[in-house]
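Have a look at input-v6.cif; it's mmCIF, C-alpha atoms and all ligand atoms:
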```
data_input
#
loop_
_atom_site.label_atom_id
_atom_site.label_comp_id
_atom_site.auth_asym_id
_atom_site.auth_seq_id
_atom_site.Cartn_x
_atom_site.Cartn_y
_atom_site.Cartn_z
CA MET A 1 296.29 98.64 334.35
CA LYS A 2 292.78 97.53 335.26
CA ILE A 3 289.55 98.78 333.73
CA VAL A 4 287.60 100.54 336.50
CA ASP A 5 284.81 102.21 334.54
CA ALA A 6 283.07 101.69 331.18
CA ARG A 7 280.47 104.18 329.97
CA VAL A 8 278.18 103.79 326.96
CA ILE A 9 277.31 107.23 325.62
CA VAL A 10 274.45 107.72 323.14
CA THR A 11 274.27 111.16 321.54
CA CYS A 12 272.66 112.83 318.51
CA PRO A 13 274.63 115.91 317.40
CA GLY A 14 272.78 115.94 314.06
CA ARG A 15 272.76 112.14 313.86
CA ASN A 16 272.99 109.28 316.36
CA PHE A 17 276.31 107.96 317.63
CA VAL A 18 277.09 105.33 320.27
CA THR A 19 280.49 105.57 321.98
CA LEU A 20 282.20 103.41 324.58
CA LYS A 21 284.58 105.11 327.00
CA LEU A 22 286.86 102.98 329.19
CA VAL A 23 288.74 104.27 332.23
CA THR A 24 291.70 102.51 333.87
CA ASP A 25 292.88 102.60 337.48
CA ASP A 26 295.92 104.64 336.46
CA GLY A 27 293.67 107.31 335.01
CA LEU A 28 293.94 106.57 331.29
CA THR A 29 290.84 106.69 329.10
CA GLY A 30 290.08 105.14 325.74
CA VAL A 31 287.19 105.58 323.29
CA GLY A 32 285.60 103.24 320.75
CA ASP A 33 282.85 103.89 318.18
CA ALA A 34 279.85 101.55 318.56
CA THR A 35 277.45 103.14 316.06
CA LEU A 36 275.29 100.83 313.92
CA ASN A 37 273.11 103.11 311.83
CA GLY A 38 269.40 102.55 312.51
CA ARG A 39 270.10 99.89 315.17
CA GLU A 40 272.04 102.01 317.68
CA LEU A 41 270.24 100.99 320.86
CA ALA A 42 270.76 97.28 320.19
CA VAL A 43 274.53 97.79 320.41
CA ALA A 44 274.20 100.14 323.39
CA SER A 45 272.27 97.44 325.26
CA TYR A 46 274.68 94.69 324.17
CA LEU A 47 277.52 96.72 325.65
CA ARG A 48 275.78 97.98 328.79
CA ASP A 49 273.94 94.81 329.71
CA HIS A 50 276.30 92.08 328.52
CA VAL A 51 279.84 93.39 328.01
CA VAL A 52 280.52 96.15 330.55
CA PRO A 53 279.99 93.92 333.63
CA ALA A 54 282.68 91.54 332.32
CA LEU A 55 285.12 94.37 331.53
CA ILE A 56 285.34 95.87 335.00
CA GLY A 57 288.53 94.62 336.67
CA ARG A 58 290.07 93.24 333.44
CA ASP A 59 293.65 94.08 332.45
CA ALA A 60 293.37 96.85 329.80
CA SER A 61 296.71 95.87 328.26
CA ARG A 62 295.40 92.49 327.03
CA ILE A 63 293.81 93.53 323.74
CA GLU A 64 294.05 90.23 321.85
CA ASP A 65 292.85 88.20 324.83
CA THR A 66 289.90 90.53 325.41
CA TRP A 67 288.93 90.29 321.74
CA ASN A 68 288.87 86.50 321.93
CA TYR A 69 287.12 86.58 325.30
CA LEU A 70 284.27 88.61 323.79
CA TYR A 71 284.16 86.73 320.46
CA LYS A 72 284.46 83.14 321.67
CA GLY A 73 282.91 83.90 325.05
CA ALA A 74 279.60 85.06 323.60
CA TYR A 75 279.11 81.58 322.08
CA TRP A 76 276.93 83.35 319.42
CA ARG A 77 279.60 84.40 316.95
CA ARG A 78 279.64 87.09 314.27
CA GLY A 79 276.70 89.35 313.39
CA PRO A 80 276.73 93.15 313.14
CA VAL A 81 275.56 93.89 316.71
CA THR A 82 278.11 91.60 318.35
CA MET A 83 280.98 92.65 316.11
CA THR A 84 280.24 96.36 316.53
CA ALA A 85 280.24 95.95 320.32
CA ILE A 86 283.54 94.03 320.20
CA ALA A 87 284.95 96.72 317.89
CA ALA A 88 284.15 99.43 320.42
CA VAL A 89 286.02 97.63 323.21
CA ASP A 90 288.97 96.81 320.96
CA THR A 91 289.28 100.37 319.65
CA ALA A 92 289.15 101.82 323.17
CA LEU A 93 291.87 99.39 324.32
CA TRP A 94 294.15 100.41 321.42
CA ASP A 95 293.58 104.06 322.38
CA ILE A 96 294.63 103.24 325.95
CA LYS A 97 297.66 101.25 324.79
CA GLY A 98 298.84 104.15 322.67
CA LYS A 99 298.47 106.57 325.58
CA ALA A 100 300.30 104.15 327.90
CA ALA A 101 303.13 103.87 325.34
CA GLY A 102 303.16 107.61 324.62
CA MET A 103 302.75 106.93 320.90
CA PRO A 104 300.10 107.41 318.22
CA VAL A 105 298.48 104.05 317.49
CA TYR A 106 299.95 103.85 313.98
CA GLN A 107 303.40 103.54 315.55
CA LEU A 108 302.22 100.46 317.43
CA LEU A 109 300.97 99.02 314.12
CA GLY A 110 304.43 99.21 312.57
CA GLY A 111 304.76 102.89 311.75
CA ARG A 112 304.03 104.83 308.60
CA SER A 113 303.89 103.21 305.18
CA ARG A 114 302.88 106.49 303.48
CA GLU A 115 302.82 110.25 303.98
CA GLY A 116 299.04 110.68 303.95
CA VAL A 117 295.77 108.82 303.49
CA THR A 118 294.17 109.45 300.09
CA VAL A 119 290.45 110.06 300.54
CA TYR A 120 287.47 110.37 298.27
CA GLY A 121 284.48 112.66 298.67
CA HIS A 122 280.90 112.37 297.43
CA ALA A 123 279.88 114.48 294.42
CA ASN A 124 276.16 114.10 293.88
CA ALA A 125 273.23 115.91 292.30
CA GLU A 126 269.94 115.20 290.58
CA THR A 127 271.10 116.45 287.17
CA VAL A 128 274.29 115.84 285.19
CA GLU A 129 275.02 119.60 285.22
CA GLY A 130 274.70 119.53 289.00
CA VAL A 131 277.02 116.52 289.21
CA LEU A 132 279.67 118.28 287.12
CA ALA A 133 279.51 121.31 289.43
CA GLU A 134 279.86 119.10 292.51
CA VAL A 135 282.84 117.21 291.08
CA ALA A 136 284.46 120.59 290.35
CA ARG A 137 283.89 121.61 293.96
CA TYR A 138 285.74 118.54 295.26
CA VAL A 139 288.57 119.05 292.77
CA ASP A 140 288.86 122.66 293.99
CA LEU A 141 289.04 121.40 297.59
CA GLY A 142 292.04 119.28 296.56
CA TYR A 143 290.44 115.83 296.36
CA LYS A 144 292.21 113.35 294.08
CA ALA A 145 289.29 110.90 294.08
CA VAL A 146 285.55 111.54 293.85
CA ARG A 147 282.53 109.28 294.14
CA VAL A 148 279.83 110.22 291.64
CA GLN A 149 276.10 109.61 292.24
CA ALA A 150 273.41 111.12 290.02
CA GLY A 151 269.64 111.27 290.10
CA VAL A 152 267.88 108.86 287.73
CA PRO A 153 265.21 110.40 285.45
CA GLY A 154 261.80 109.02 286.40
CA LEU A 155 262.75 108.24 290.02
CA ALA A 156 261.75 110.72 292.72
CA THR A 157 264.80 109.99 294.88
CA THR A 158 268.05 108.11 294.30
CA TYR A 159 270.54 106.64 296.75
CA GLY A 160 273.46 108.97 297.42
CA VAL A 161 271.83 112.16 296.13
CA SER A 162 271.29 114.54 299.01
CA GLY A 163 269.99 118.02 299.66
CA ASP A 164 272.95 119.05 301.79
CA LYS A 165 275.89 118.27 299.57
CA MET A 166 278.65 117.75 302.13
CA PHE A 167 276.70 115.36 304.40
CA TYR A 168 274.44 112.44 303.63
CA GLU A 169 271.94 111.31 306.23
CA PRO A 170 269.69 108.64 304.72
CA ALA A 171 268.33 107.55 308.14
CA ASP A 172 265.65 110.20 307.97
CA ALA A 173 262.60 108.96 309.94
CA ALA A 174 261.68 106.84 312.98
CA VAL A 175 259.92 104.38 310.65
CA PRO A 176 261.68 103.67 307.33
CA THR A 177 260.92 106.01 304.44
CA GLU A 178 259.88 104.12 301.28
CA ALA A 179 261.74 104.86 298.03
CA VAL A 180 261.06 103.60 294.49
CA TRP A 181 263.75 101.92 292.38
CA SER A 182 264.06 100.92 288.74
CA THR A 183 267.09 98.92 287.59
CA GLU A 184 266.15 99.58 283.95
CA ARG A 185 266.10 103.37 284.35
CA TYR A 186 269.35 103.29 286.36
CA LEU A 187 271.27 101.12 283.87
CA ALA A 188 270.09 103.26 280.96
CA HIS A 189 271.20 106.53 282.58
CA THR A 190 274.41 105.88 284.52
CA PRO A 191 277.03 105.29 281.77
CA GLY A 192 276.14 108.64 280.16
CA VAL A 193 276.78 110.44 283.44
CA PHE A 194 280.29 109.00 283.67
CA ALA A 195 280.97 109.77 280.00
CA GLN A 196 280.37 113.44 280.70
CA VAL A 197 282.33 113.51 283.97
CA ARG A 198 285.35 111.82 282.36
CA ASP A 199 285.14 114.11 279.36
CA GLU A 200 285.05 117.22 281.56
CA PHE A 201 287.74 116.26 284.10
CA GLY A 202 290.22 114.21 282.05
CA PRO A 203 291.97 110.93 282.76
CA ASN A 204 293.71 111.65 286.08
CA LEU A 205 290.85 112.23 288.50
CA ARG A 206 289.94 108.97 290.22
CA LEU A 207 286.22 108.26 289.87
CA LEU A 208 284.13 105.87 291.94
CA HIS A 209 280.50 104.82 292.03
CA ASP A 210 278.31 103.06 294.63
CA VAL A 211 275.66 100.68 293.25
CA HIS A 212 274.47 100.04 296.83
CA HIS A 213 273.65 96.33 296.50
CA ARG A 214 270.90 96.80 293.87
CA LEU A 215 271.82 94.60 290.91
CA THR A 216 271.93 90.92 290.01
CA PRO A 217 275.33 89.57 288.92
CA ILE A 218 274.60 89.74 285.22
CA GLU A 219 273.18 93.27 285.52
CA ALA A 220 276.32 94.25 287.42
CA GLY A 221 278.45 92.70 284.69
CA ARG A 222 276.63 94.83 282.13
CA LEU A 223 277.07 98.01 284.16
CA GLY A 224 280.75 97.30 284.76
CA LYS A 225 281.33 96.66 281.07
CA SER A 226 279.49 99.83 280.06
CA LEU A 227 281.64 101.85 282.49
CA GLU A 228 284.98 100.46 281.28
CA PRO A 229 285.70 103.37 278.88
CA TYR A 230 285.55 105.77 281.87
CA ALA A 231 288.16 103.84 283.89
CA LEU A 232 286.53 103.84 287.32
CA THR A 233 288.72 103.19 290.36
CA TRP A 234 285.89 101.04 291.63
CA MET A 235 282.27 99.99 291.32
CA GLU A 236 281.01 99.51 294.88
CA ASP A 237 278.58 96.89 296.21
CA PRO A 238 277.31 95.84 292.76
CA THR A 239 275.25 92.98 294.27
CA PRO A 240 274.21 92.01 297.77
CA ALA A 241 277.27 89.98 298.78
CA GLU A 242 275.75 87.32 300.99
CA LEU A 243 276.35 85.13 297.96
CA GLN A 244 280.10 85.45 297.54
CA ASP A 245 280.03 82.99 294.60
CA SER A 246 278.00 85.48 292.57
CA LEU A 247 281.03 87.72 292.12
CA ARG A 248 282.54 85.13 289.78
CA LEU A 249 279.86 85.89 287.21
CA ILE A 250 280.55 89.63 287.40
CA ARG A 251 284.29 89.02 287.02
CA GLN A 252 283.69 87.02 283.83
CA HIS A 253 282.14 90.09 282.22
CA THR A 254 284.03 93.19 283.31
CA THR A 255 287.43 94.60 284.24
CA THR A 256 285.86 97.46 286.21
CA PRO A 257 287.39 97.01 289.68
CA ILE A 258 285.03 96.00 292.47
CA ALA A 259 284.87 97.19 296.10
CA ILE A 260 282.72 95.43 298.70
CA GLY A 261 282.50 95.18 302.45
CA GLU A 262 280.92 98.15 304.25
CA ILE A 263 278.27 95.90 305.83
CA PHE A 264 280.65 93.04 306.62
CA SER A 265 281.10 92.01 310.25
CA GLY A 266 284.35 90.12 309.90
CA ILE A 267 286.79 88.01 307.95
CA TRP A 268 284.34 85.18 307.33
CA ASP A 269 282.12 87.51 305.28
CA CYS A 270 284.91 88.20 302.79
CA GLN A 271 287.22 85.19 302.99
CA GLN A 272 286.15 83.80 299.61
CA LEU A 273 285.95 87.23 297.98
CA ILE A 274 289.59 87.79 298.94
CA THR A 275 291.16 84.38 298.43
CA GLU A 276 289.53 83.92 295.00
CA GLN A 277 290.44 87.51 294.05
CA LEU A 278 286.78 88.31 293.33
CA ILE A 279 287.17 91.89 294.59
CA ASP A 280 289.86 94.55 294.29
CA TYR A 281 289.12 96.58 297.44
CA ILE A 282 287.82 95.41 300.80
CA ARG A 283 285.63 98.08 302.42
CA ALA A 284 285.28 96.63 305.93
CA THR A 285 285.64 99.21 308.70
CA VAL A 286 286.95 99.41 312.24
CA VAL A 287 283.52 99.94 313.83
CA HIS A 288 281.60 97.17 312.08
CA ALA A 289 284.30 94.53 311.61
CA GLY A 290 285.61 93.89 315.10
CA GLY A 291 287.91 96.83 315.68
CA ILE A 292 291.55 97.48 314.85
CA THR A 293 292.65 93.96 315.82
CA HIS A 294 290.25 92.17 313.49
CA LEU A 295 290.36 94.65 310.61
CA ARG A 296 294.16 94.32 310.62
CA ARG A 297 293.65 90.57 310.22
CA ILE A 298 291.33 91.13 307.24
CA PHE A 299 293.76 93.56 305.60
CA ASP A 300 296.67 91.15 306.11
CA LEU A 301 294.71 88.36 304.40
CA ALA A 302 293.81 90.78 301.61
CA ALA A 303 297.46 91.76 301.12
CA LEU A 304 298.33 88.16 300.23
CA TYR A 305 295.85 88.34 297.33
CA GLN A 306 296.62 91.85 296.03
CA VAL A 307 293.35 93.19 297.44
CA ARG A 308 293.65 96.73 298.82
CA SER A 309 291.75 98.46 301.61
CA GLY A 310 288.94 100.91 300.87
CA SER A 311 287.34 101.50 304.25
CA HIS A 312 283.84 102.81 304.63
CA GLY A 313 283.81 106.35 306.01
CA ALA A 314 280.25 107.66 305.76
CA THR A 315 278.86 110.26 308.17
CA ASP A 316 277.32 107.56 310.37
CA LEU A 317 280.82 106.36 311.33
CA SER A 318 281.89 108.71 314.11
CA PRO A 319 285.14 110.69 314.30
CA VAL A 320 286.28 107.96 316.73
CA CYS A 321 286.01 105.37 313.96
CA MET A 322 287.66 107.72 311.46
CA SER A 323 290.54 108.36 313.84
CA ALA A 324 291.10 104.63 314.30
CA ALA A 325 290.77 103.94 310.56
CA LEU A 326 293.44 106.52 309.73
CA HIS A 327 296.01 104.86 312.00
CA LEU A 328 295.46 101.59 310.14
CA ASP A 329 295.33 103.30 306.72
CA VAL A 330 298.68 104.99 307.20
CA ALA A 331 300.38 101.84 308.52
CA ILE A 332 299.24 98.90 306.37
CA PRO A 333 301.14 97.98 303.18
CA ASN A 334 298.01 97.43 301.07
CA PHE A 335 296.09 100.65 301.62
CA GLY A 336 293.88 101.65 298.68
CA LEU A 337 291.53 104.54 299.42
CA GLN A 338 289.59 105.87 302.41
CA GLU A 339 286.04 107.19 302.11
CA TYR A 340 285.65 110.57 303.79
CA MET A 341 282.30 112.22 304.33
CA ARG A 342 282.58 115.25 306.52
CA HIS A 343 280.81 115.54 309.86
CA THR A 344 278.70 118.50 310.94
CA ALA A 345 280.17 121.18 313.22
CA GLU A 346 278.05 119.78 316.10
CA THR A 347 279.50 116.29 315.61
CA ASP A 348 283.06 117.64 315.41
CA ALA A 349 282.45 119.58 318.65
CA VAL A 350 281.20 116.48 320.50
CA PHE A 351 284.20 114.46 319.24
CA PRO A 352 287.31 116.69 319.39
CA HIS A 353 289.96 115.09 317.17
CA GLY A 354 293.44 115.65 315.85
CA TYR A 355 293.16 114.28 312.31
CA HIS A 356 293.03 116.81 309.51
CA PHE A 357 292.47 117.11 305.75
CA ALA A 358 295.03 118.74 303.45
CA ASP A 359 295.45 118.55 299.66
CA GLY A 360 293.32 115.43 299.19
CA TYR A 361 294.84 113.53 302.10
CA LEU A 362 293.76 112.90 305.67
CA HIS A 363 296.48 112.79 308.29
CA PRO A 364 296.09 110.88 311.56
CA SER A 365 296.64 112.64 314.85
CA GLU A 366 300.18 112.62 316.24
CA GLU A 367 298.93 112.55 319.84
CA PRO A 368 299.42 109.40 321.92
CA GLY A 369 296.58 106.92 321.34
CA LEU A 370 293.96 107.61 318.68
CA GLY A 371 293.90 111.37 319.15
CA VAL A 372 290.14 111.67 319.61
CA ASP A 373 287.81 112.05 322.58
CA ILE A 374 284.15 112.57 323.42
CA ASP A 375 282.96 115.66 325.28
CA GLU A 376 280.46 113.92 327.55
CA ASP A 377 278.78 117.12 328.80
CA LEU A 378 278.19 118.35 325.27
CA ALA A 379 277.07 114.88 324.15
CA ALA A 380 274.39 114.96 326.86
CA ALA A 381 272.92 118.09 325.26
CA PHE A 382 272.00 116.06 322.14
CA PRO A 383 269.59 113.27 323.16
CA TYR A 384 268.98 110.18 320.98
CA ARG A 385 266.38 110.46 318.21
CA PRO A 386 265.02 107.30 316.56
CA ALA A 387 266.14 107.23 312.89
CA ALA A 388 265.88 104.26 310.53
CA LEU A 389 267.39 103.71 307.08
CA PRO A 390 264.92 103.73 304.15
CA VAL A 391 263.54 100.75 302.27
CA ASN A 392 263.27 100.41 298.49
CA ARG A 393 260.44 99.10 296.33
CA LEU A 394 260.33 98.42 292.61
CA GLU A 395 257.74 100.37 290.62
CA ASP A 396 255.30 97.45 291.03
CA GLY A 397 255.71 97.51 294.81
CA THR A 398 258.11 94.58 295.23
CA LEU A 399 260.55 95.09 298.09
CA HIS A 400 264.13 95.50 296.79
CA SER A 401 267.53 96.04 298.43
CA TRP A 402 268.07 99.66 299.51
O1 LIG A 501 274.50 103.79 302.93
O2 LIG A 501 276.69 104.42 305.69
O3 LIG A 501 279.45 104.07 300.78
N1 LIG A 501 278.70 104.53 301.58
C1 LIG A 501 277.47 104.07 301.83
C2 LIG A 501 276.71 104.75 302.93
C3 LIG A 501 275.72 103.81 303.61
C4 LIG A 501 275.46 104.29 305.01
C5 LIG A 501 274.55 103.31 305.76
O4 LIG A 501 274.51 103.61 307.11
O5 LIG A 501 277.02 103.16 301.17
O6 LIG A 501 276.07 105.89 302.42
CO CO A 502 278.55 102.18 300.02
#
```
Show me the file's structure as structure tokens.
Amino acid sequence: MKIVDARVIVTCPGRNFVTLKLVTDDGLTGVGDATLNGRELAVASYLRDHVVPALIGRDASRIEDTWNYLYKGAYWRRGPVTMTAIAAVDTALWDIKGKAAGMPVYQLLGGRSREGVTVYGHANAETVEGVLAEVARYVDLGYKAVRVQAGVPGLATTYGVSGDKMFYEPADAAVPTEAVWSTERYLAHTPGVFAQVRDEFGPNLRLLHDVHHRLTPIEAGRLGKSLEPYALTWMEDPTPAELQDSLRLIRQHTTTPIAIGEIFSGIWDCQQLITEQLIDYIRATVVHAGGITHLRRIFDLAALYQVRSGSHGATDLSPVCMSAALHLDVAIPNFGLQEYMRHTAETDAVFPHGYHFADGYLHPSEEPGLGVDIDEDLAAAFPYRPAALPVNRLEDGTLHSW
């Protein structure tokens, strides 16, 4: 089972996606997501120029060996571009292995550990009244968990608050848009929002919130403590996590659970967070953390320390990534929650897939492999458009984390 073709497909059905498609000599195909929001062409070039030539002629059944060949063979280890490219190859090889075996990939990962994958959606609005209406909409759709993001009085825009409520596309311009941020205004406003949401929806709805890397450890400790009465399932990315030690300070001050990892490239970014039990959920994803093979390794480490999965699932992760994530989610023992932002009709048409939502759960496809494909003719109708993520400045102009 030799790889005879490898195509890198860049398409923009509403937003940019990079996809790797592998073809074997016995006619099987496999797909892998290679999308790195705002840096798409760097991964496309890494694959086309540096990886594809070495894939042609390789045995498609050797997933672990190929992973190590690309990781150790690059000499330059880790980093989001490298790990996203490796993820795409790994995901496509798992897709092929499932098709060769005639089984959905979750069967190859040990079979089901649960009936469905609990997902959370994004309720967001400028005003508290708007937020309450959005939470109600998700509850009506059957969601058991909802992420809540509200506008902050005095700030023109706020992370996570979007015009189109079911999708969120922050990469909105070829050159980064500049937003203004105030930690003081945010910390003063946010606990009151959750007080009203909890009051309106009662104790059983699982509530989450994304801080998006904007606080210092002691500020995050204060926020977590002020949110304790509202029993959040998690507070996400409270600080930029390059400094894994900093989580100790947050832990000293709050029992609000913490979820981190959407920007992590691999196990070395979260090793300390997991082994010192500094987080409760690890949010690494298939596409950005080295594929199914490596994410499984991260989740297995996490299981030893009672850390559960909480994979990133924003709109910029393609249906190929979501398909792969669901096979892992349904199989691993320590699944926590899966983020689920819906894709536009154009995106769903370019990536036909067999997973589906019902009653607050996503269900992986039962087809052999991952159960997702890319319609290459349709993809070609949506050419790449440059789109960068925004930057953030404090009110005095100082650059801050976005
Ligand atoms: O900003 O995926 O939890 N979700 C998030 C996302 C990220 C985008 C960046 O590409 O934080 O909205
Ligand atoms: Co996030």
Would you tabulate, counting all atoms listed in the file, all residues of chain A that have an atom at most 10 Å from an atom of ligand CO 502 (chain A), showing the closest pair of atoms and their distance in Å to one decimal, sorted by chain then ascending number, as a Markdown table?
```
| residue | atom | partner | partner_atom | distance |
| --- | --- | --- | --- | --- |
| A:Tyr159 | CA | A:CO502 | CO | 9.7 |
| A:Gly160 | CA | A:CO502 | CO | 8.9 |
| A:His209 | CA | A:CO502 | CO | 8.6 |
| A:Asp210 | CA | A:CO502 | CO | 5.5 |
| A:Val211 | CA | A:CO502 | CO | 7.5 |
| A:His212 | CA | A:CO502 | CO | 5.6 |
| A:His213 | CA | A:CO502 | CO | 8.4 |
| A:Met235 | CA | A:CO502 | CO | 9.7 |
| A:Glu236 | CA | A:CO502 | CO | 6.3 |
| A:Asp237 | CA | A:CO502 | CO | 6.5 |
| A:Pro238 | CA | A:CO502 | CO | 9.7 |
| A:Ala259 | CA | A:CO502 | CO | 9.0 |
| A:Ile260 | CA | A:CO502 | CO | 8.0 |
| A:Gly261 | CA | A:CO502 | CO | 8.4 |
| A:Glu262 | CA | A:CO502 | CO | 6.3 |
| A:Ile263 | CA | A:CO502 | CO | 8.6 |
| A:Arg283 | CA | A:CO502 | CO | 8.5 |
| A:Ser311 | CA | A:CO502 | CO | 9.8 |
| A:His312 | CA | A:CO502 | CO | 7.0 |
| A:Gly313 | CA | A:CO502 | CO | 9.0 |
| A:Ala314 | CA | A:CO502 | CO | 8.1 |
| A:Glu339 | CA | A:CO502 | CO | 9.3 |
```
Find the residues near Gly130 (chain A): any atom within 12 Å, counting all atoms listed in the file, skip ones fewer than 4 places away on the same chain, and give them as a PyMOL selection string.
-> chain A and resi 123-126+134-137+148-151+161-163+165+193+196-197
Exercise: region 168-179 of chain A partners within 12 Å, only C-alpha atoms, chain neighbours under 6 positions left out, as a VMD selection string | chain A and resid 14 to 16 36 to 40 121 to 125 149 155 to 162 313 to 317 340 to 344 384 to 395 397 to 402
With a distance cut-off of 7 Å and only C-alpha atoms, select the neighbouring residues of region 320-337 of chain A, excluding the residue or stretch itself and same-chain residues fewer than 3 positions from it, and output the selection as a list of chain:residue names.
->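 That gives A:Gly32, A:Asp33, A:Val105, A:Tyr106, A:Leu109, A:Gly110, A:Gly111, A:Arg112, A:Ser113, A:Arg114, A:Gly116, A:Val117, A:Thr118, A:Val119, A:Val286, A:Val287, A:Ala303, A:Arg308, A:Ser309, A:Gly310, A:Gly313, A:Leu317, A:Tyr355, A:Pro364, A:Leu370, A:Gly371, A:Val372.
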Would you kindly return, as a list in words, each protein, DNA or RNA residue with an atom no farther than 8 Å from any atom of Trp67 (chain A), considering only C-alpha atoms and excluding same-chain residues fewer than 6 positions away?
->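 The residues satisfying every condition are Ile86, Asp90 and Thr293 of chain A.
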Which polymer residues have any atom within 10 Å of an atom of region 241-252 of chain A, counting only C-alpha atoms, with same-chain residues fewer than 6 positions away left out, as a list in words?
->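 Close residues of region 241-252 of chain A: His213, Thr216, Pro217, Ile218, Glu219, Ala220, Gly221, Arg222, Leu223, Gly224, Lys225, Ile258, Ile260, Gly261, Ile263, Phe264, Asp269, Cys270, Gln271, Gln272, Leu273, Ile274, Glu276, Gln277, Leu278 and Ile279 of chain A.
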Taking only C-alpha atoms and all ligand atoms into account, which of A:Tyr75, A:Phe167, A:Tyr186, A:Phe351 comes nearest ligand LIG 501 (chain A)?
-> A:Phe167
Between CA of Thr29 (chain A) and CA of Arg7 (chain A), what is the spacing in Å?
-> 10.7 Å
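With distances restricted to only C-alpha atoms and all ligand atoms, A:Thr35 is the closest residue to ligand LIG 501 (chain A) from A:Thr84, A:Thr275, A:Thr35, A:Ser45.
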Which of these residues is nearest to ligand LIG 501 (chain A), using only C-alpha atoms and all ligand atoms: A:Gly142, A:Pro240, A:Pro13, A:Gly102?
->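 Using only C-alpha atoms and all ligand atoms, the shortest distance to ligand LIG 501 (chain A) belongs to A:Pro240.
One finds CA of Tyr143 (chain A) at 18.5 Å from atom O6 of ligand LIG 501 (chain A).
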A:Phe17, A:Tyr281, A:Tyr120, A:Trp76: which is nearest Tyr361 (chain A), counting only C-alpha atoms?
->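 For Tyr361 (chain A), the nearest of the candidates is A:Tyr120.
Proximity ranking of A:Phe299, A:Trp268, A:Tyr46, A:Trp234 relative to ligand LIG 501 (chain A) places A:Trp234 first, based on all atoms listed in the file.
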Which of A:Pro229, A:Glu129, A:Gly98, A:Pro80 sits closest to Pro203 (chain A) [using all atoms listed in the file] | A:Pro229
CA of Leu108 (chain A) and CA of Arg77 (chain A), how far apart in Å?
->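 We find that CA of Arg77 (chain A) and CA of Leu108 (chain A) lie 27.7 Å from each other.
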List every protein, DNA or RNA residue that has at least one atom no more than 10 Å from (273.5, 106.1, 283.9) in the file's coordinates, counting only C-alpha atoms, and write the result as a PDB file with C-alpha atoms, in the frame of the given file.
```pdb
ATOM      1  CA  VAL A 128     274.290 115.840 285.190  1.00  0.00           C
ATOM      2  CA  GLN A 149     276.100 109.610 292.240  1.00  0.00           C
ATOM      3  CA  ALA A 150     273.410 111.120 290.020  1.00  0.00           C
ATOM      4  CA  GLY A 151     269.640 111.270 290.100  1.00  0.00           C
ATOM      5  CA  VAL A 152     267.880 108.860 287.730  1.00  0.00           C
ATOM      6  CA  PRO A 153     265.210 110.400 285.450  1.00  0.00           C
ATOM      7  CA  GLU A 184     266.150  99.580 283.950  1.00  0.00           C
ATOM      8  CA  ARG A 185     266.100 103.370 284.350  1.00  0.00           C
ATOM      9  CA  TYR A 186     269.350 103.290 286.360  1.00  0.00           C
ATOM     10  CA  LEU A 187     271.270 101.120 283.870  1.00  0.00           C
ATOM     11  CA  ALA A 188     270.090 103.260 280.960  1.00  0.00           C
ATOM     12  CA  HIS A 189     271.200 106.530 282.580  1.00  0.00           C
ATOM     13  CA  THR A 190     274.410 105.880 284.520  1.00  0.00           C
ATOM     14  CA  PRO A 191     277.030 105.290 281.770  1.00  0.00           C
ATOM     15  CA  GLY A 192     276.140 108.640 280.160  1.00  0.00           C
ATOM     16  CA  VAL A 193     276.780 110.440 283.440  1.00  0.00           C
ATOM     17  CA  PHE A 194     280.290 109.000 283.670  1.00  0.00           C
ATOM     18  CA  ALA A 195     280.970 109.770 280.000  1.00  0.00           C
ATOM     19  CA  LEU A 223     277.070  98.010 284.160  1.00  0.00           C
ATOM     20  CA  SER A 226     279.490  99.830 280.060  1.00  0.00           C
ATOM     21  CA  LEU A 227     281.640 101.850 282.490  1.00  0.00           C
TER      22      LEU A 227
END
```
